[in-house]
file my_file.txt (compact mmCIF, C-alpha atoms and all ligand atoms)
# COMPACT_ATOMS: atom_id res chain seq x y z
CA MET T 9 86.60 86.41 100.81
CA ASN T 10 85.19 87.73 97.58
CA LEU T 11 83.67 91.12 96.91
CA LEU T 12 80.16 90.02 97.92
CA ASP T 13 81.37 88.57 101.25
CA ILE T 14 83.10 91.83 101.99
CA TYR T 15 79.94 93.84 101.24
CA LYS T 16 77.92 91.55 103.47
CA GLU T 17 80.33 90.84 106.29
CA LEU T 18 82.38 93.98 106.61
CA ASN T 19 79.63 96.56 106.41
CA THR T 20 79.96 98.20 109.82
CA GLU T 21 82.93 99.86 111.47
CA GLU T 22 82.70 97.44 114.38
CA LYS T 23 82.92 94.34 112.19
CA CYS T 24 85.80 95.90 110.27
CA LEU T 25 87.73 96.59 113.47
CA THR T 26 87.27 93.00 114.63
CA PHE T 27 88.46 91.72 111.26
CA LEU T 28 91.49 94.02 111.31
CA GLU T 29 92.33 92.93 114.85
CA HIS T 30 92.45 89.27 113.73
CA MET T 31 94.53 90.14 110.70
CA ARG T 32 96.98 92.30 112.62
CA TRP T 33 97.37 90.01 115.63
CA PRO T 34 96.48 86.47 114.54
CA ASP T 35 97.86 85.14 117.86
CA GLY T 36 96.10 87.69 120.06
CA VAL T 37 96.58 91.42 120.66
CA LYS T 38 100.12 92.46 121.60
CA CYS T 39 101.16 95.73 123.24
CA LEU T 40 102.67 98.05 120.63
CA SER T 41 105.13 99.34 123.16
CA CYS T 42 106.38 96.29 125.08
CA GLU T 43 104.80 93.36 123.16
CA SER T 44 103.09 92.03 126.27
CA GLN T 45 99.93 90.03 125.65
CA ARG T 46 98.38 91.03 128.94
CA ILE T 47 95.90 93.50 127.50
CA SER T 48 92.65 94.98 128.83
CA ARG T 49 89.92 96.38 126.66
CA ILE T 50 88.62 99.71 127.84
CA THR T 51 86.11 102.20 126.51
CA SER T 52 87.20 105.80 126.41
CA ARG T 53 84.31 108.22 126.69
CA GLY T 54 84.06 110.67 123.77
CA LYS T 55 85.07 114.25 124.46
CA LEU T 56 82.33 116.75 125.21
CA ASN T 57 82.34 119.94 123.21
CA LYS T 58 81.13 122.49 125.74
CA LYS T 59 79.99 125.01 123.14
CA THR T 60 77.78 122.70 121.13
CA GLY T 61 77.03 120.19 123.87
CA HIS T 62 77.96 117.50 121.34
CA ARG T 63 79.93 114.48 122.50
CA SER T 64 82.23 112.64 120.06
CA PRO T 65 81.66 108.88 119.89
CA ASP T 66 83.18 106.56 122.48
CA ARG T 67 86.34 104.73 121.48
CA GLU T 68 87.36 101.17 122.18
CA LEU T 69 90.95 101.09 123.39
CA TYR T 70 93.44 98.47 124.46
CA GLN T 71 95.47 99.11 127.56
CA CYS T 72 98.62 97.18 128.36
CA ASN T 73 98.59 95.72 131.86
CA GLU T 74 102.39 95.83 132.02
CA CYS T 75 103.34 99.28 130.74
CA ARG T 76 99.90 100.99 130.69
CA PHE T 77 100.32 101.96 127.03
CA GLN T 78 97.01 102.67 125.31
CA PHE T 79 96.38 101.98 121.65
CA THR T 80 93.71 100.98 119.15
CA THR T 81 93.52 98.43 116.34
CA THR T 82 94.58 101.07 113.83
CA THR T 83 97.37 102.80 115.81
CA GLY T 84 100.54 103.09 113.74
CA THR T 85 98.96 101.77 110.55
CA VAL T 86 97.92 103.39 107.29
CA TYR T 87 94.32 103.09 108.46
CA HIS T 88 94.97 105.53 111.27
CA ASP T 89 94.33 109.26 110.94
CA THR T 90 92.15 108.94 107.89
CA HIS T 91 88.62 110.20 107.95
CA LEU T 92 87.63 107.33 105.76
CA PRO T 93 85.70 104.49 107.38
CA LEU T 94 87.45 101.11 107.40
CA SER T 95 84.63 99.65 105.33
CA LYS T 96 85.69 101.90 102.42
CA TRP T 97 89.32 101.02 102.87
CA PHE T 98 88.47 97.34 102.77
CA LEU T 99 86.24 97.72 99.74
CA ALA T 100 89.07 99.55 97.95
CA ILE T 101 91.50 96.76 98.83
CA ALA T 102 89.02 94.16 97.60
CA LEU T 103 88.49 95.99 94.31
CA ILE T 104 92.22 96.37 93.72
CA THR T 105 93.12 92.80 94.64
CA GLU T 106 90.24 91.28 92.67
CA SER T 107 90.72 93.13 89.40
CA LYS T 108 93.30 91.24 87.37
CA LYS T 109 94.32 94.20 85.28
CA GLY T 110 94.03 96.88 87.93
CA ILE T 111 91.49 99.59 88.56
CA SER T 112 91.79 103.32 87.88
CA ALA T 113 91.37 106.02 90.52
CA ASN T 114 88.29 107.14 88.56
CA GLN T 115 86.62 103.73 88.82
CA LEU T 116 87.57 103.53 92.48
CA SER T 117 86.16 106.98 93.16
CA ARG T 118 82.80 106.00 91.64
CA ALA T 119 82.65 102.60 93.34
CA LEU T 120 83.38 104.02 96.79
CA GLY T 121 81.54 107.31 96.44
CA VAL T 122 84.61 109.34 97.38
CA GLN T 123 86.43 112.19 95.67
CA TYR T 124 88.93 111.40 92.93
CA ARG T 125 91.85 112.65 95.00
CA THR T 126 90.86 110.46 97.96
CA ALA T 127 90.57 107.43 95.67
CA TRP T 128 93.95 108.15 94.10
CA TYR T 129 95.67 108.51 97.45
CA LEU T 130 93.97 105.37 98.74
CA ALA T 131 95.06 103.35 95.72
CA HIS T 132 98.67 104.45 96.10
CA ARG T 133 98.75 103.52 99.75
CA ILE T 134 97.35 100.11 98.93
CA ARG T 135 100.02 99.75 96.23
CA LYS T 136 102.69 100.59 98.76
CA ALA T 137 101.59 97.64 100.88
CA MET T 138 101.91 95.45 97.80
CA PHE T 139 105.58 96.34 97.48
CA GLU T 140 107.92 93.47 98.21
CA ALA T 141 111.02 95.09 99.77
CA ASN T 142 113.51 92.23 99.54
CA PRO T 143 112.01 89.56 97.34
CA PRO T 144 113.91 86.26 97.03
CA LYS T 145 116.08 85.87 93.94
CA LEU T 146 114.72 83.76 91.11
CA LYS T 147 116.12 80.32 90.41
CA GLY T 148 115.50 77.45 88.01
CA THR T 149 114.89 78.55 84.44
CA VAL T 150 114.63 82.32 84.30
CA GLU T 151 113.30 84.24 81.30
CA ILE T 152 114.35 87.84 80.78
CA ASP T 153 112.97 90.34 78.29
CA GLU T 154 112.52 94.07 77.97
CA THR T 155 109.51 96.08 76.90
CA TYR T 156 108.75 99.74 76.29
CA ILE T 157 105.90 101.72 77.79
CA GLY T 158 104.58 104.88 76.13
CA GLY T 159 105.26 106.28 72.67
CA LYS T 160 104.23 104.51 69.49
CA GLN T 161 107.28 103.03 67.83
CA ARG T 162 107.15 99.53 69.26
CA GLY T 163 110.25 97.45 69.39
CA HIS T 164 112.61 99.92 67.69
CA ARG T 165 115.45 100.18 70.08
CA SER T 166 116.99 103.09 68.22
CA LYS T 167 113.91 105.25 68.83
CA LEU T 168 113.62 105.25 72.57
CA LYS T 169 112.47 108.82 73.06
CA ASN T 170 109.50 109.33 75.40
CA LYS T 171 109.45 105.70 76.33
CA ASP T 172 110.16 103.94 79.52
CA VAL T 173 112.00 100.68 79.65
CA VAL T 174 110.65 97.84 81.76
CA ILE T 175 112.76 94.76 82.35
CA GLY T 176 110.79 91.59 83.04
CA VAL T 177 112.37 88.66 84.85
CA ARG T 178 110.29 85.54 85.36
CA GLU T 179 111.10 82.14 86.77
CA ARG T 180 109.23 79.44 84.87
CA GLY T 181 106.54 78.15 87.21
CA GLY T 182 107.59 80.81 89.72
CA GLU T 183 107.51 84.52 90.36
CA LEU T 184 107.68 87.60 88.21
CA ARG T 185 109.68 90.81 88.74
CA LEU T 186 109.09 93.97 86.72
CA VAL T 187 111.61 96.78 87.02
CA GLN T 188 111.49 100.20 85.38
CA THR T 189 114.90 101.43 84.18
CA PRO T 190 116.08 104.74 82.69
CA ASP T 191 117.53 103.06 79.59
CA ASN T 192 118.24 99.67 78.06
CA LYS T 193 122.01 99.77 78.22
CA GLU T 194 123.88 96.59 78.98
CA ASP T 195 125.02 97.72 82.45
CA THR T 196 121.56 98.93 83.47
CA VAL T 197 119.93 95.69 82.41
CA TYR T 198 122.67 93.64 84.05
CA GLN T 199 122.07 95.38 87.39
CA VAL T 200 118.39 94.38 87.29
CA ILE T 201 119.35 90.79 86.51
CA ALA T 202 121.98 90.66 89.26
CA ASP T 203 119.42 92.02 91.75
CA ASN T 204 116.77 89.48 90.81
CA VAL T 205 118.40 86.27 89.61
CA ALA T 206 120.29 83.81 91.81
CA LYS T 207 123.81 83.10 90.56
CA ASP T 208 123.09 79.37 90.73
CA ALA T 209 120.03 79.60 88.47
CA GLN T 210 119.80 76.65 86.06
CA ALA T 211 119.31 78.60 82.86
CA ILE T 212 118.71 82.11 81.56
CA MET T 213 116.58 82.60 78.45
CA THR T 214 116.76 85.87 76.53
CA ASP T 215 116.40 87.09 72.98
CA GLU T 216 119.40 87.71 70.73
CA SER T 217 119.97 91.30 71.91
CA ARG T 218 123.55 92.16 72.75
CA ILE T 219 122.47 93.73 76.03
CA TYR T 220 122.34 90.21 77.48
CA ASN T 221 125.94 89.29 77.96
CA PHE T 222 127.03 87.26 80.95
CA ARG T 223 130.69 86.64 80.19
CA ASN T 224 132.88 87.91 83.03
CA THR T 225 129.88 88.11 85.34
CA GLN T 226 128.67 86.01 88.26
CA PHE T 227 126.41 84.21 85.76
CA HIS T 228 129.22 82.98 83.48
CA LYS T 229 128.62 79.37 84.49
CA VAL T 230 124.85 79.55 84.01
CA ARG T 231 123.48 78.08 80.79
CA HIS T 232 122.43 81.06 78.66
CA GLU T 233 120.20 80.51 75.63
CA ARG T 234 119.07 83.10 73.13
CA ILE T 235 116.01 82.83 70.98
CA ARG T 236 116.34 84.49 67.58
CA HIS T 237 113.25 86.70 67.46
CA LYS T 238 114.62 88.57 64.45
CA ASP T 239 114.44 85.36 62.42
CA LYS T 240 110.85 84.91 63.63
CA ILE T 241 111.84 81.97 65.79
CA TYR T 242 109.90 81.98 69.07
CA VAL T 243 110.38 78.50 70.48
CA CYS T 244 113.25 76.08 70.03
CA GLY T 245 113.08 73.10 72.40
CA ASP T 246 112.91 74.60 75.88
CA VAL T 247 114.37 77.88 74.64
CA HIS T 248 111.81 80.70 74.64
CA THR T 249 110.76 83.81 76.56
CA ASN T 250 107.03 83.24 76.19
CA THR T 251 106.12 83.22 79.87
CA VAL T 252 107.67 86.63 80.57
CA GLU T 253 106.12 87.99 77.37
CA SER T 254 102.66 86.82 78.39
CA ALA T 255 103.07 88.73 81.66
CA PHE T 256 104.04 91.85 79.69
CA SER T 257 100.99 91.63 77.48
CA LEU T 258 98.65 91.21 80.48
CA PHE T 259 100.25 94.25 82.11
CA LYS T 260 99.89 96.32 78.94
CA ARG T 261 96.23 95.39 78.54
CA GLY T 262 95.72 96.66 82.08
CA LEU T 263 97.52 99.89 81.26
CA THR T 264 95.34 100.69 78.29
CA GLY T 265 92.17 99.29 79.84
CA ALA T 266 92.20 100.65 83.35
CA PHE T 267 94.70 103.44 83.60
CA HIS T 268 94.63 105.33 80.27
CA LYS T 269 97.13 107.92 81.43
CA VAL T 270 99.56 106.33 83.82
CA SER T 271 101.96 108.96 84.97
CA LEU T 272 105.35 107.45 84.22
CA LYS T 273 106.46 108.90 87.52
CA HIS T 274 104.30 106.23 89.15
CA LEU T 275 105.04 103.42 86.72
CA GLN T 276 107.12 101.38 89.17
CA ARG T 277 104.19 101.38 91.61
CA TYR T 278 101.83 100.01 88.98
CA LEU T 279 104.46 97.41 88.11
CA ASN T 280 104.65 96.43 91.79
CA GLU T 281 100.88 96.19 92.08
CA PHE T 282 100.68 94.04 88.99
CA SER T 283 103.52 91.73 90.07
CA PHE T 284 102.05 91.33 93.56
CA ARG T 285 98.69 90.22 92.15
CA PHE T 286 100.37 88.07 89.55
CA ASN T 287 102.67 86.33 92.03
CA ASN T 288 99.85 85.77 94.50
CA ARG T 289 97.16 84.81 92.00
CA LYS T 290 96.80 81.41 93.64
CA ALA T 291 96.72 82.73 97.20
CA ALA T 292 93.60 81.61 99.05
CA ASP T 293 92.92 84.97 100.67
CA LEU T 294 94.67 87.77 98.83
CA PHE T 295 92.28 90.29 100.38
CA GLY T 296 93.05 89.31 103.97
CA MET T 297 96.73 89.09 103.15
CA THR T 298 96.73 92.65 101.78
CA VAL T 299 94.72 94.00 104.74
CA ARG T 300 97.36 92.47 107.00
CA ARG T 301 100.30 93.82 105.00
CA MET T 302 98.74 97.27 105.16
CA ALA T 303 98.42 97.04 108.92
CA LEU T 304 102.11 96.19 109.11
CA ALA T 305 103.29 98.84 106.64
CA GLY T 306 103.78 102.37 107.88
CA ASN T 307 101.86 105.40 106.73
CA LEU T 308 102.61 107.23 103.52
CA PRO T 309 102.18 110.99 103.82
CA TYR T 310 100.51 112.72 100.92
CA ALA T 311 103.43 115.15 100.51
CA LYS T 312 105.83 112.26 100.05
CA LEU T 313 103.52 110.59 97.60
CA ILE T 314 103.37 113.52 95.22
CA GLU T 315 107.06 114.33 95.53
CA GLU T 316 108.86 114.16 92.20
CA ASN T 317 110.84 110.93 91.78
CA ALA T 318 109.42 109.52 94.97
CA PHE T 319 108.97 106.05 93.55
CA THR T 320 111.43 105.64 90.77
CA PRO T 321 114.75 104.12 91.67
CA PHE T 322 116.59 106.61 89.44
CA VAL T 323 116.46 110.31 88.67
CA ARG T 324 114.43 111.12 85.58
CA ARG T 325 116.06 113.38 83.04
ZN ZN T 401 103.03 97.26 127.17
call {"tool": "encode", "arguments": {"input": "my_file.txt", "output": "structure tokens"}}
result
Amino acid sequence: MNLLDIYKELNTEEKCLTFLEHMRWPDGVKCLSCESQRISRITSRGKLNKKTGHRSPDRELYQCNECRFQFTTTTGTVYHDTHLPLSKWFLAIALITESKKGISANQLSRALGVQYRTAWYLAHRIRKAMFEANPPKLKGTVEIDETYIGGKQRGHRSKLKNKDVVIGVRERGGELRLVQTPDNKEDTVYQVIADNVAKDAQAIMTDESRIYNFRNTQFHKVRHERIRHKDKIYVCGDVHTNTVESAFSLFKRGLTGAFHKVSLKHLQRYLNEFSFRFNNRKAADLFGMTVRRMALAGNLPYAKLIEENAFTPFVRR
């Protein structure tokens, strides 16, 4: 589905609920308590407010025929307990999945006609669903490079103040991982590589930096090639780090274009969002896939979201 389809086909709450039901239970509705598929649909009459005489709208519920548990399409998902209609949620997901470089909370707030804070919270919850908890390790030929976000002195490793280090790991013809680290020391970088590269990878391509050293590690048998960027050499046979660098430059264009002031506290979330879109750029239905992932992911309370260090894997100094 593209943006126009979503405008046209998911414009009422009823249609959105039906869509979500199919995404959440592609093989038919299952009881959230006992997983039985013997489910009845019931309508629960809205509550009457005796003072005002106003009745809240009726609700469609599922009831399990085995254990009598009652639930709705949104029970236990991020979509639950928000006062935002599903059509706005879905539009937000469509905007975020369709924009290659990402979309700012400001743009989202204008597009959806909601407050900035609502848009910001929405975007972060969508990003959470884009997080891959245990992604497979990369194999084949893997390129590794580091880049620096923030500050102005590009590429000077001695002047790292006010900058955040991002390690990029990309399998040629495969997936990308972007990891924010507190520094660019050999051990820190090695940990990222060990977490993301299979020990039977065919080759590892890096630049000449001494931080890439695989002697006495699980990668000692892997072919390791270094390209001498200092000598202005960028490609030598199959030795280069161009595919990871092109991912970096696309990410940075998004940072300056859409986000202006990315709080570095949230940088890893933006990196996750970018990698998710990048790795799924050929997926037939990224929108539906994200709607489904969000239905499966738990809720993210606002207090947890704004907590200091909530998303970074290390403690900021
Ligand atoms: Zn049940």
call {"tool": "residues_near_ligand", "arguments": {"input": "my_file.txt", "ligand": "ligand ZN 401 (chain T)", "cutoff": "10 Å", "atoms": "all atoms listed in the file", "output": "compact mmCIF listing (two decimals) with C-alpha atoms, keeping the file's coordinate frame"}}
result
# COMPACT_ATOMS: atom_id res chain seq x y z
CA LYS T 38 100.12 92.46 121.60
CA CYS T 39 101.16 95.73 123.24
CA LEU T 40 102.67 98.05 120.63
CA SER T 41 105.13 99.34 123.16
CA CYS T 42 106.38 96.29 125.08
CA GLU T 43 104.80 93.36 123.16
CA SER T 44 103.09 92.03 126.27
CA GLN T 45 99.93 90.03 125.65
CA ARG T 46 98.38 91.03 128.94
CA ILE T 47 95.90 93.50 127.50
CA GLN T 71 95.47 99.11 127.56
CA CYS T 72 98.62 97.18 128.36
CA ASN T 73 98.59 95.72 131.86
CA GLU T 74 102.39 95.83 132.02
CA CYS T 75 103.34 99.28 130.74
CA ARG T 76 99.90 100.99 130.69
CA PHE T 77 100.32 101.96 127.03
CA GLN T 78 97.01 102.67 125.31
CA PHE T 79 96.38 101.98 121.65
call {"tool": "residues_around", "arguments": {"input": "my_file.txt", "residues": "range 176-189 of chain T", "least_positions_apart": "5", "cutoff": "6 Å", "atoms": "all atoms listed in the file", "output": "number ranges by chain"}}
result
T: 146, 149-154, 252, 276, 279, 287
call {"tool": "atom_distance", "arguments": {"input": "my_file.txt", "atom1": "CA of Ala211 in chain T", "atom2": "CA of Glu253 in chain T"}}
result
17.1 Å
call {"tool": "atom_distance", "arguments": {"input": "my_file.txt", "atom1": "CA of Ile157 in chain T", "atom2": "CA of Lys238 in chain T"}}
result
20.7 Å
call {"tool": "atom_distance", "arguments": {"input": "my_file.txt", "atom1": "CA of Asn280 in chain T", "atom2": "CA of Ile104 in chain T"}}
result
12.6 Å
call {"tool": "closest_residue", "arguments": {"input": "my_file.txt", "among": "T:Thr82, T:Asn57, T:Asn288, T:Thr249", "to": "Met302 in chain T", "atoms": "all atoms listed in the file"}}
result
T:Thr82
call {"tool": "residues_around", "arguments": {"input": "my_file.txt", "residues": "Ala102 in chain T", "least_positions_apart": "6", "cutoff": "10 Å", "atoms": "only C-alpha atoms", "output": "ChimeraX atom specification"}}
result
/T:9-12,14-15,96,294-296,298-299
call {"tool": "residues_around", "arguments": {"input": "my_file.txt", "residues": "Glu29 in chain T", "least_positions_apart": "2", "cutoff": "12 Å", "atoms": "all atoms listed in the file", "output": "list of chain:residue names"}}
result
T:Glu22, T:Lys23, T:Cys24, T:Leu25, T:Thr26, T:Phe27, T:Met31, T:Arg32, T:Trp33, T:Pro34, T:Asp35, T:Gly36, T:Val37, T:Lys38, T:Leu69, T:Tyr70, T:Thr80, T:Thr81, T:Thr82, T:Thr83, T:Thr85, T:Gly296, T:Val299, T:Arg300, T:Ala303, T:Leu304
call {"tool": "residues_around", "arguments": {"input": "my_file.txt", "residues": "range 241-246 of chain T", "least_positions_apart": "6", "cutoff": "10 Å", "atoms": "all atoms listed in the file", "output": "VMD selection string"}}
result
chain T and resid 149 213 215 233 to 235
call {"tool": "residues_around", "arguments": {"input": "my_file.txt", "residues": "Ala127 in chain T", "least_positions_apart": "3", "cutoff": "8 Å", "atoms": "all atoms listed in the file", "output": "number ranges by chain"}}
result
T: 113-114, 116-117, 122-124, 130-131
call {"tool": "closest_residue", "arguments": {"input": "my_file.txt", "among": "T:Ala119, T:Val230, T:Ile111, T:Ile175", "to": "Leu99 in chain T", "atoms": "only C-alpha atoms"}}
result
T:Ala119
call {"tool": "closest_residue", "arguments": {"input": "my_file.txt", "among": "T:Lys16, T:Ile201, T:Val86, T:Asp191", "to": "Lys136 in chain T", "atoms": "all atoms listed in the file"}}
result
T:Val86
call {"tool": "residues_near_point", "arguments": {"input": "my_file.txt", "point": "(101.0, 92.3, 101.4)", "cutoff": "6 Å", "atoms": "all atoms listed in the file", "output": "CSV table (one decimal) with C-alpha atoms, in the frame of the given file"}}
result
chain,number,residue,atom,x,y,z
T,137,ALA,CA,101.6,97.6,100.9
T,138,MET,CA,101.9,95.4,97.8
T,297,MET,CA,96.7,89.1,103.2
T,298,THR,CA,96.7,92.6,101.8
T,301,ARG,CA,100.3,93.8,105.0
call {"tool": "closest_residue", "arguments": {"input": "my_file.txt", "among": "T:Asp208, T:Asp172, T:Glu68, T:Glu140", "to": "Ser283 in chain T", "atoms": "only C-alpha atoms"}}
result
T:Glu140
